[in-house]
Every structure is written in C-alpha cells, then in structure tokens.
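For reference, protein_27.pdb (PDB, C-alpha atoms):
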```pdb
ATOM      1  CA  MET A   1     -38.036  39.778 214.970  1.00  0.00           C
ATOM      2  CA  SER A   2     -38.206  41.084 211.433  1.00  0.00           C
ATOM      3  CA  ASN A   3     -41.340  42.430 209.796  1.00  0.00           C
ATOM      4  CA  GLN A   4     -40.956  40.290 206.675  1.00  0.00           C
ATOM      5  CA  GLN A   5     -43.728  37.951 205.685  1.00  0.00           C
ATOM      6  CA  PRO A   6     -42.793  34.277 205.455  1.00  0.00           C
ATOM      7  CA  ARG A   7     -42.262  33.011 201.936  1.00  0.00           C
ATOM      8  CA  GLN A   8     -44.774  30.575 200.592  1.00  0.00           C
ATOM      9  CA  ARG A   9     -44.877  28.303 197.606  1.00  0.00           C
ATOM     10  CA  LEU A  10     -47.435  29.574 195.121  1.00  0.00           C
ATOM     11  CA  THR A  11     -48.665  26.187 193.950  1.00  0.00           C
ATOM     12  CA  HIS A  12     -51.986  27.565 192.739  1.00  0.00           C
ATOM     13  CA  LEU A  13     -49.988  29.540 190.171  1.00  0.00           C
ATOM     14  CA  LEU A  14     -47.417  26.866 189.346  1.00  0.00           C
ATOM     15  CA  MET A  15     -50.018  24.188 188.598  1.00  0.00           C
ATOM     16  CA  TYR A  16     -51.900  26.251 186.017  1.00  0.00           C
ATOM     17  CA  LEU A  17     -48.999  27.799 184.102  1.00  0.00           C
ATOM     18  CA  ARG A  18     -48.544  26.165 180.720  1.00  0.00           C
ATOM     19  CA  ARG A  19     -45.269  25.000 179.279  1.00  0.00           C
ATOM     20  CA  GLY A  20     -43.019  27.932 178.412  1.00  0.00           C
ATOM     21  CA  GLN A  21     -45.011  30.556 180.283  1.00  0.00           C
ATOM     22  CA  GLN A  22     -42.382  30.930 183.010  1.00  0.00           C
ATOM     23  CA  ILE A  23     -39.958  31.880 180.226  1.00  0.00           C
ATOM     24  CA  ARG A  24     -42.449  34.444 178.882  1.00  0.00           C
ATOM     25  CA  ILE A  25     -42.843  35.870 182.385  1.00  0.00           C
ATOM     26  CA  ALA A  26     -39.044  36.102 182.670  1.00  0.00           C
ATOM     27  CA  LEU A  27     -38.830  37.960 179.364  1.00  0.00           C
ATOM     28  CA  GLN A  28     -41.550  40.425 180.376  1.00  0.00           C
ATOM     29  CA  ALA A  29     -40.108  40.953 183.865  1.00  0.00           C
ATOM     30  CA  ARG A  30     -36.573  41.261 182.423  1.00  0.00           C
ATOM     31  CA  CYS A  31     -35.011  38.555 184.584  1.00  0.00           C
ATOM     32  CA  SER A  32     -33.859  34.965 184.204  1.00  0.00           C
ATOM     33  CA  PRO A  33     -36.272  32.009 184.213  1.00  0.00           C
ATOM     34  CA  SER A  34     -34.540  30.628 187.305  1.00  0.00           C
ATOM     35  CA  ILE A  35     -35.551  33.740 189.280  1.00  0.00           C
ATOM     36  CA  VAL A  36     -39.175  33.265 188.191  1.00  0.00           C
ATOM     37  CA  SER A  37     -39.059  29.648 189.337  1.00  0.00           C
ATOM     38  CA  ALA A  38     -37.418  30.585 192.648  1.00  0.00           C
ATOM     39  CA  VAL A  39     -40.033  33.256 193.399  1.00  0.00           C
ATOM     40  CA  LEU A  40     -42.971  30.989 192.565  1.00  0.00           C
ATOM     41  CA  ASN A  41     -41.478  28.099 194.570  1.00  0.00           C
ATOM     42  CA  GLY A  42     -40.845  30.307 197.600  1.00  0.00           C
ATOM     43  CA  LYS A  43     -37.053  30.005 197.458  1.00  0.00           C
ATOM     44  CA  ALA A  44     -36.486  33.727 196.783  1.00  0.00           C
ATOM     45  CA  GLY A  45     -37.913  36.798 198.462  1.00  0.00           C
ATOM     46  CA  GLN A  46     -41.424  37.739 197.437  1.00  0.00           C
ATOM     47  CA  ASP A  47     -41.492  41.288 198.772  1.00  0.00           C
ATOM     48  CA  THR A  48     -39.359  43.048 196.142  1.00  0.00           C
ATOM     49  CA  ASP A  49     -40.738  44.953 193.164  1.00  0.00           C
ATOM     50  CA  LEU A  50     -39.414  42.303 190.773  1.00  0.00           C
ATOM     51  CA  ALA A  51     -41.059  39.475 192.727  1.00  0.00           C
ATOM     52  CA  ARG A  52     -44.366  41.322 192.886  1.00  0.00           C
ATOM     53  CA  ASN A  53     -44.201  41.896 189.135  1.00  0.00           C
ATOM     54  CA  ILE A  54     -43.477  38.181 188.560  1.00  0.00           C
ATOM     55  CA  ILE A  55     -46.423  37.157 190.746  1.00  0.00           C
ATOM     56  CA  ARG A  56     -48.710  39.660 189.009  1.00  0.00           C
ATOM     57  CA  LEU A  57     -47.717  38.352 185.564  1.00  0.00           C
ATOM     58  CA  ALA A  58     -48.178  34.735 186.698  1.00  0.00           C
ATOM     59  CA  GLU A  59     -51.669  35.553 187.996  1.00  0.00           C
ATOM     60  CA  HIS A  60     -52.463  37.167 184.640  1.00  0.00           C
ATOM     61  CA  TYR A  61     -51.363  34.070 182.687  1.00  0.00           C
ATOM     62  CA  VAL A  62     -53.231  31.719 185.049  1.00  0.00           C
ATOM     63  CA  HIS A  63     -56.410  33.755 184.642  1.00  0.00           C
ATOM     64  CA  ARG A  64     -55.960  33.670 180.864  1.00  0.00           C
ATOM     65  CA  ASN A  65     -55.504  29.879 180.908  1.00  0.00           C
ATOM     66  CA  ASN A  66     -58.599  29.258 183.021  1.00  0.00           C
ATOM     67  CA  PRO A  67     -61.207  27.496 180.867  1.00  0.00           C
ATOM     68  CA  TYR A  68     -63.990  28.476 183.295  1.00  0.00           C
ATOM     69  CA  ARG A  69     -63.329  32.210 183.336  1.00  0.00           C
ATOM     70  CA  ARG A  70     -66.171  34.598 182.715  1.00  0.00           C
TER      71      ARG A  70
END
```
Could you show the structure in this file as structure tokens?
Amino acid sequence: MSNQQPRQRLTHLLMYLRRGQQIRIALQARCSPSIVSAVLNGKAGQDTDLARNIIRLAEHYVHRNNPYRR
C-alpha cells in the first residue's frame, strides 16, 4: 500500500471562489487554469508543492470573500 493520502474534492473552496479567481490563482501559481480546477476537484494530486500552493491561494481568496470574517 502506498503512503499517499486519498484525493478529495475541495468543495468548501470551490463554492466560495468568485468568477475569475481560479484564473488569478493560476497566474499567481504559474500554471494553467485547468490544473487549478483539477486540483480543487480532486482529479490531480494534492501532495505536490504546486498543489499545496494552489490550495493555499484558494483558501486566501475564500477568506477574503467571506462577508462574515472578523
């Protein structure tokens, strides 16, 4: 058995990203928008440095979009 964690769909991030923010994440992470979508949908590996950077940027944008943040 491998030690890799199972991939999961990050719906809590996908639901709260605004239109065009996946493209902004792709520009900041220096990858294509399709890779951002694949990582957030669980279709691509989430244990690489690029995937971790994408998830971190998505969490940042979701926190910024939250109207109830402190």
Review point. Excluding same-chain residues fewer than 6 positions from Arg56 in chain A, what lies within 12 Å of it counting all atoms listed in the file, as a ChimeraX atom specification?
Key: /A:10,13,25,28-29,36,39-40,46,49-50,62-63
Exercise for review: May I ask for the distance between CA of Gly45 in chain A and CA of Arg7 in chain A, given in Å to one decimal place?
Suggested key: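 We find that CA of Gly45 in chain A and CA of Arg7 in chain A lie 6.7 Å from each other.
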Practice item. Could you give me, as a list in words, the residues within 9 Å of range 65-67 of chain A, counting all atoms listed in the file and dropping anything in the same chain fewer than 4 positions from it? Key: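 Answer for this query is Tyr16, Leu17, Arg18, His60 and Tyr61 of chain A.
Closest approach to Pro33 in chain A from the set A:Thr48, A:Gln21, A:Gln8, A:Asn53 is made by A:Gln21, with distances taken over only C-alpha atoms.
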Check your understanding: In Å, with one decimal, what is the gap from CA of Tyr68 in chain A to CA of Ala26 in chain A?
Key ->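 Separation of CA of Tyr68 in chain A and CA of Ala26 in chain A: 26.1 Å.
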Exercise for review: Using all atoms listed in the file, pick whichever of A:Arg24, A:Ile55, A:Arg19, A:Arg30 has the shortest atom-to-atom distance to Gly42 in chain A.
Suggested key: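 When distances to Gly42 in chain A are compared using all atoms listed in the file, the smallest one comes from A:Ile55.
With distances taken over all atoms listed in the file, A:Ser37 is the one residue among A:Arg9, A:Ser37, A:Lys43, A:Ala51 lying closest to Ile23 in chain A.
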Practice item. Rank nothing, just name the residue among A:Leu27, A:Ala58, A:Arg52, A:Asp47 nearest to Leu14 in chain A, using all atoms listed in the file. Key: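 So, comparing all the options, the nearest one is A:Ala58.
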